[in-house]
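Structure record follows, encoded as structure tokens.
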Amino acid sequence: MTESWNPAQYERFRAERTAPFYDLLALVRKVEHARVVDLGCGTGELTRVLHQTLGASETLGIDSSIAMLQKSKQHSLPGLSFETARIEDYRPRAPLDLVFSNAALQWIDDHARLFERLTAMLARGGQLAVQMPANDDHPSHVVARELGAREPFASALGQAPRVSPVLPPERYSLLLEELGYEVETVRLYVYLHRLQKTSDLVEWVKGTLLTWYEAQLGPELYARFIELYSERLFEALGVGADAPYRFAFKRILLWAKR
């Protein structure tokens, strides 16, 4: 699989993608001399905001995308550093005061096991703060899965199109309770994005969901995929490519303290 994350494509909708970060950050309680990790930090711009807002002693941002992390150098500060690593492989050197993740854990399977591992990273009294898209039932996702299951794409993908592992909000509430957190907050937010054109929705998912398809299909087949995907998406939505579109985007925000 090739590198498919494109910072410029991802940041085309920077304002819309940033809003959930600030809503999640507002749930976090400030702790003196905190040790923090930001899982899936992207370009590092928001990790810097996290570090400065909390006044953390040490914040580490990790991301598996070299392309994304190339922009993190401009955001370095005393106590703030970045590292190329997969979330699945990360292990802290010492217990953390905050495990923070904004729009990244939806790429990792088996959330019951994942959240158990994240909890083990925390010191007593440590906090977990996570934001994840919960929009897998939207036509932008459904059409991609249906198309990816058909030829010639199915053979090229070599596996069934990916289904998001994100659980229903109530399951996270129960899971956090099972993991022994003293207090928790689990919220389902709906962010309404007013896109100028329905074709902008294709550009949106090209920066996130469709990176999985791009990485495996290769340039020519991916171009054909996008062509058919766009046609079928507009048909499913019942609107033309140039018509304004109101994109209701569901996200789960959760915070818990041990």
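Chain identifiers are assigned as A, B, and so on, following the order in which chains appear in the structure tokens; residues are numbered from 1 within each chain, and ligands are numbered from 1 in order of appearance.
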
Mind checking DSSP for range 62-118 of chain A and telling me the helix (DSSP H, G or I) residues as an MDAnalysis selection string? chainID A and resid 66:69 72:75 87:89 105:107 111:118

Using only C-alpha atoms, determine which residues lie at most 10 Å from Val28 in chain A, disregarding the query and same-chain residues fewer than 5 positions distant; provide the list as a ChimeraX atom specification. /A:23,50,54,98,100,127-129,254-257

Tell me which of A:Leu195, A:Leu228, A:Met132, A:Ile108 sits closest to Pro168 in chain A, counting only C-alpha atoms.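 Looking at the shortest contact to Pro168 in chain A, the residue is A:Met132.
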
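Going from CA of Gln216 in chain A to CA of Leu39 in chain A covers 23.9 Å.
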
Range 71-83 of chain A environment, 6 Å, only C-alpha atoms, sequence neighbours closer than 3 positions dropped, as a list in words: Thr43, Gly44, Ser57, Glu58, Thr59, Leu60, Gly61 and Ile62 of chain A

Smallest atom-to-atom distance to Glu231 in chain A: which of A:Ser140, A:Thr185, A:Gln196, A:Gln159, using only C-alpha atoms?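 Using only C-alpha atoms, Glu231 in chain A sits closest to A:Ser140.
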
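Counting only C-alpha atoms and comparing A:Leu25, A:Leu105, A:Ala134, A:Leu114, the residue that lies closest to Arg251 in chain A is A:Ala134.
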
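Considering the residues A:His141, A:Lys250, A:Arg91, A:Lys30 and counting only C-alpha atoms, Arg232 in chain A has its shortest atom-to-atom contact with A:His141.
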
All strand (DSSP E) residues (DSSP, backbone) inside range 17-183 of chain A, as a PyMOL selection string: chain A and resi 35-39+58-63+80-84+96-102+122-133+183

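Taking CA of Gly40 in chain A and CA of Ile87 in chain A as endpoints, the distance between them is 7.1 Å.
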